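J.: File follows, entry.cif with mmCIF, C-alpha atoms:
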data_protein
#
loop_
_atom_site.group_PDB
_atom_site.id
_atom_site.type_symbol
_atom_site.label_atom_id
_atom_site.label_comp_id
_atom_site.auth_asym_id
_atom_site.auth_seq_id
_atom_site.Cartn_x
_atom_site.Cartn_y
_atom_site.Cartn_z
ATOM 1 C CA MET A 1 -0.694 -11.767 -17.854
ATOM 2 C CA ILE A 2 2.921 -11.268 -16.730
ATOM 3 C CA GLU A 3 4.051 -13.571 -19.554
ATOM 4 C CA ARG A 4 2.122 -11.374 -22.001
ATOM 5 C CA GLY A 5 4.053 -8.338 -20.729
ATOM 6 C CA ILE A 6 1.212 -6.837 -18.713
ATOM 7 C CA LYS A 7 2.412 -4.836 -15.721
ATOM 8 C CA ILE A 8 0.685 -5.793 -12.471
ATOM 9 C CA ASN A 9 0.858 -3.694 -9.308
ATOM 10 C CA VAL A 10 -0.764 -4.901 -6.095
ATOM 11 C CA HIS A 11 -1.385 -2.414 -3.284
ATOM 12 C CA THR A 12 -1.966 -4.328 -0.062
ATOM 13 C CA TRP A 13 -1.714 -4.121 3.704
ATOM 14 C CA PRO A 14 1.831 -4.633 5.006
ATOM 15 C CA SER A 15 2.283 -8.133 6.435
ATOM 16 C CA ASN A 16 3.062 -6.766 9.879
ATOM 17 C CA GLN A 17 -0.379 -5.123 10.019
ATOM 18 C CA HIS A 18 -2.062 -8.541 10.021
ATOM 19 C CA GLN A 19 -2.486 -10.540 13.187
ATOM 20 C CA GLY A 20 -1.564 -14.122 14.027
ATOM 21 C CA ASN A 21 -1.426 -16.631 11.196
ATOM 22 C CA MET A 22 -2.583 -14.025 8.663
ATOM 23 C CA ALA A 23 0.797 -12.201 8.939
ATOM 24 C CA LYS A 24 2.734 -15.297 7.803
ATOM 25 C CA GLN A 25 0.201 -16.049 5.065
ATOM 26 C CA SER A 26 0.511 -12.453 3.848
ATOM 27 C CA GLU A 27 4.326 -12.700 3.768
ATOM 28 C CA ASP A 28 4.107 -15.925 1.749
ATOM 29 C CA VAL A 29 1.630 -14.517 -0.775
ATOM 30 C CA ILE A 30 3.646 -11.316 -1.213
ATOM 31 C CA ALA A 31 6.831 -13.337 -1.751
ATOM 32 C CA ASP A 32 5.044 -15.549 -4.320
ATOM 33 C CA LEU A 33 3.681 -12.531 -6.196
ATOM 34 C CA ARG A 34 7.090 -10.840 -6.281
ATOM 35 C CA SER A 35 8.753 -14.049 -7.482
ATOM 36 C CA ILE A 36 6.607 -14.044 -10.653
ATOM 37 C CA GLY A 37 7.195 -10.353 -11.367
ATOM 38 C CA VAL A 38 4.239 -8.656 -9.684
ATOM 39 C CA LYS A 39 5.101 -5.328 -8.060
ATOM 40 C CA VAL A 40 3.745 -5.393 -4.494
ATOM 41 C CA ILE A 41 3.346 -2.034 -2.764
ATOM 42 C CA PRO A 42 2.612 -2.294 0.974
ATOM 43 C CA ARG A 43 0.243 0.516 2.016
ATOM 44 C CA TYR A 44 -0.966 1.187 5.528
ATOM 45 C CA GLN A 45 -4.550 2.442 5.401
ATOM 46 C CA SER A 46 -6.408 2.614 8.654
ATOM 47 C CA LYS A 47 -9.972 1.311 8.558
ATOM 48 C CA LYS A 48 -9.930 0.951 4.759
ATOM 49 C CA HIS A 49 -10.603 -2.492 3.403
ATOM 50 C CA PHE A 50 -10.963 -2.338 -0.342
ATOM 51 C CA LYS A 51 -9.680 -3.624 -3.635
ATOM 52 C CA THR A 52 -9.157 -1.907 -6.967
ATOM 53 C CA ALA A 53 -9.083 -3.828 -10.248
ATOM 54 C CA ILE A 54 -8.353 -2.203 -13.612
ATOM 55 C CA MET A 55 -9.020 -4.154 -16.790
ATOM 56 C CA ASP A 56 -7.322 -3.121 -20.024
ATOM 57 C CA ASN A 57 -7.297 0.489 -18.798
ATOM 58 C CA ARG A 58 -10.994 0.641 -19.762
ATOM 59 C CA ILE A 59 -12.943 -0.613 -16.733
ATOM 60 C CA LEU A 60 -12.176 -0.052 -13.073
ATOM 61 C CA TRP A 61 -13.884 -1.708 -10.128
ATOM 62 C CA ASP A 62 -13.112 -0.246 -6.723
ATOM 63 C CA GLY A 63 -14.458 -1.174 -3.332
ATOM 64 C CA SER A 64 -15.258 -3.981 -0.955
ATOM 65 C CA LEU A 65 -18.480 -5.860 -0.477
ATOM 66 C CA ASN A 66 -17.008 -8.490 1.814
ATOM 67 C CA ILE A 67 -19.726 -9.526 4.237
ATOM 68 C CA LEU A 68 -17.057 -11.024 6.493
ATOM 69 C CA SER A 69 -14.890 -7.888 6.569
ATOM 70 C CA HIS A 70 -13.613 -6.284 9.720
ATOM 71 C CA ARG A 71 -16.205 -4.654 11.932
ATOM 72 C CA ASN A 72 -14.778 -1.120 11.603
ATOM 73 C CA THR A 73 -14.625 -0.894 7.801
ATOM 74 C CA GLU A 74 -16.892 0.838 5.362
ATOM 75 C CA GLU A 75 -18.310 -1.146 2.449
ATOM 76 C CA HIS A 76 -18.806 0.157 -1.088
ATOM 77 C CA MET A 77 -18.328 -0.872 -4.729
ATOM 78 C CA TRP A 78 -17.903 1.495 -7.672
ATOM 79 C CA ARG A 79 -17.515 0.793 -11.379
ATOM 80 C CA PHE A 80 -15.913 3.299 -13.732
ATOM 81 C CA GLU A 81 -15.562 3.010 -17.473
ATOM 82 C CA GLY A 82 -13.363 4.951 -19.879
ATOM 83 C CA SER A 83 -9.647 5.579 -19.941
ATOM 84 C CA SER A 84 -9.814 9.262 -18.934
ATOM 85 C CA ALA A 85 -11.825 8.459 -15.789
ATOM 86 C CA ILE A 86 -9.489 5.604 -14.964
ATOM 87 C CA ASP A 87 -6.390 7.760 -15.552
ATOM 88 C CA GLN A 88 -7.752 10.318 -13.078
ATOM 89 C CA ILE A 89 -8.583 7.676 -10.448
ATOM 90 C CA VAL A 90 -5.130 6.104 -10.798
ATOM 91 C CA LYS A 91 -3.608 9.547 -10.268
ATOM 92 C CA ASP A 92 -5.872 10.386 -7.302
ATOM 93 C CA LEU A 93 -5.227 7.061 -5.543
ATOM 94 C CA GLU A 94 -1.510 7.319 -6.411
ATOM 95 C CA LEU A 95 -1.633 3.839 -7.937
ATOM 96 C CA ASP A 96 1.082 4.795 -10.409
ATOM 97 C CA GLU A 97 3.588 5.923 -7.766
ATOM 98 C CA ASP A 98 6.316 3.814 -6.176
ATOM 99 C CA MET A 99 5.805 5.537 -2.817
ATOM 100 C CA PRO A 100 2.154 6.614 -2.510
ATOM 101 C CA GLU A 101 0.664 7.985 0.680
ATOM 102 C CA GLY A 102 0.312 5.080 3.096
ATOM 103 C CA TYR A 103 3.327 3.247 1.609
ATOM 104 C CA GLN A 104 5.104 1.362 4.364
ATOM 105 C CA CYS A 105 8.800 1.059 3.660
ATOM 106 C CA GLY A 106 10.968 -1.635 5.191
ATOM 107 C CA GLU A 107 12.656 0.829 7.519
ATOM 108 C CA ARG A 108 11.888 0.598 11.235
ATOM 109 C CA CYS A 109 10.946 3.753 13.101
ATOM 110 C CA PRO A 110 13.983 5.138 14.958
ATOM 111 C CA GLY A 111 11.730 6.650 17.641
ATOM 112 C CA SER A 112 12.668 5.807 21.203
ATOM 113 C CA GLY A 113 11.278 2.397 22.155
ATOM 114 C CA CYS A 114 9.095 2.248 19.047
ATOM 115 C CA ASP A 115 8.484 -0.950 17.074
ATOM 116 C CA GLY A 116 6.703 0.720 14.160
ATOM 117 C CA TYR A 117 7.672 1.209 10.536
ATOM 118 C CA LEU A 118 8.082 4.389 8.535
ATOM 119 C CA VAL A 119 5.063 5.217 6.403
ATOM 120 C CA VAL A 120 4.659 7.877 3.696
ATOM 121 C CA ARG A 121 2.229 10.507 4.958
ATOM 122 C CA SER A 122 1.048 13.815 3.548
ATOM 123 C CA LYS A 123 0.003 17.150 4.987
ATOM 124 C CA PHE A 124 -0.897 20.181 2.892
ATOM 125 C CA GLY A 125 0.244 18.291 -0.221
ATOM 126 C CA ARG A 126 3.769 17.683 1.097
ATOM 127 C CA LYS A 127 4.889 14.121 1.702
ATOM 128 C CA PHE A 128 6.984 13.061 4.675
ATOM 129 C CA LEU A 129 7.809 9.883 6.587
ATOM 130 C CA GLY A 130 6.005 9.225 9.843
ATOM 131 C CA CYS A 131 5.639 6.316 12.221
ATOM 132 C CA SER A 132 2.984 3.665 11.604
ATOM 133 C CA ASN A 133 2.199 3.868 15.338
ATOM 134 C CA TYR A 134 1.012 7.493 15.138
ATOM 135 C CA PRO A 135 -0.319 9.095 17.360
ATOM 136 C CA LYS A 136 1.402 6.920 20.003
ATOM 137 C CA CYS A 137 4.760 7.697 18.339
ATOM 138 C CA ARG A 138 5.095 11.097 16.668
ATOM 139 C CA TYR A 139 8.426 10.520 14.873
ATOM 140 C CA LYS A 140 8.584 12.127 11.422
ATOM 141 C CA ARG A 141 11.162 13.303 8.927
ATOM 142 C CA PRO A 142 11.088 14.919 5.490
ATOM 143 C CA LEU A 143 10.896 12.651 2.468
ATOM 144 C CA SER A 144 13.929 13.981 0.650
ATOM 145 C CA GLN A 145 15.723 12.530 -2.354
ATOM 146 C CA ASP A 146 19.019 12.186 -0.478
ATOM 147 C CA ARG A 147 17.442 10.182 2.345
ATOM 148 C CA ARG A 148 14.976 7.818 0.677
ATOM 149 C CA PRO A 149 13.722 4.952 2.854
ATOM 150 C CA GLN A 150 14.626 1.393 2.054
ATOM 151 C CA HIS A 151 12.164 -0.607 -0.032
ATOM 152 C CA PRO A 152 11.170 -4.015 1.367
ATOM 153 C CA ALA A 153 12.233 -5.849 -1.803
ATOM 154 C CA ARG A 154 15.668 -4.224 -1.716
ATOM 155 C CA ASN A 155 16.602 -4.846 1.888
ATOM 156 C CA GLY A 156 15.248 -8.350 2.360
ATOM 157 C CA ASN A 157 12.121 -7.379 4.316
ATOM 158 C CA LYS A 158 8.707 -8.409 3.095
#
Could I get this structure in the form of structure tokens?

T.:
Amino acid sequence: MIERGIKINVHTWPSNQHQGNMAKQSEDVIADLRSIGVKVIPRYQSKKHFKTAIMDNRILWDGSLNILSHRNTEEHMWRFEGSSAIDQIVKDLELDEDMPEGYQCGERCPGSGCDGYLVVRSKFGRKFLGCSNYPKCRYKRPLSQDRRPQHPARNGNK
């Protein structure tokens, strides 16, 4: 599809949110996808385990029916048809944005003794950067144009 000029975005858990061997496997898969031109957007989403597939901007499948999924996730599967419905879902899930809510940038949290990453969060419709270890670490800062976080692909992080 890339060779045919089709744009592919993959929203996935950040590699550092996986445990054990899965973290390295995630890094490898993300690197492989980026090497062929897929845009990978790491998004931290607590307790959400789902996939979204859009075909020809006409049919959208969203959900997870993985019987082996994590014990604390919710399972569902929805099918939507029609470009106007899909356009609205893409907008609502921020699938067309470079830095949607839950986006984990490659920048480490500067909080004292914290090993987390900065994540795009939102409150009352205003986006800001907060620590991925919230509520343990409560570091946050405005998401302003003059102080954009580093993207993983631009600073060497995966």

J.: I'd like the interatomic distance between CA of Pro14 (chain A) and CA of Gln104 (chain A), to a tenth of an Å.

T.: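 We find that CA of Pro14 (chain A) and CA of Gln104 (chain A) lie 6.9 Å from each other.
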
J.: Would you pick out the contacts of Ser132 (chain A) at 8 Å or less, using only C-alpha atoms, so that residues sharing its chain but fewer than 6 positions from it are not included, and give the list as a list in words?

T.: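 Selected residues are Tyr44, Gln104, Gly116, Tyr117, Leu118 and Val119 of chain A.
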
J.: Could you list, as an MDAnalysis selection string, every residue within 9 Å of region 86-101 of chain A, counting only C-alpha atoms and ignoring same-chain residues fewer than 6 positions away?

T.: chainID A and resid 9:11 41 43:45 54 57:60 80 119:122 127

J.: Report as number ranges by chain the full result of the PyMOL selection byres ((chain A and resi 30) around 10) when it is applied to this structure.

T.: A: 10, 12, 14-15, 24-29, 31-35, 38-42, 158

J.: For the PyMOL selection byres ((chain A and resi 136) around 12), applied here, can you spell out every residue it catches as an MDAnalysis selection string?

T.: chainID A and resid 111:116 130:135 137:139
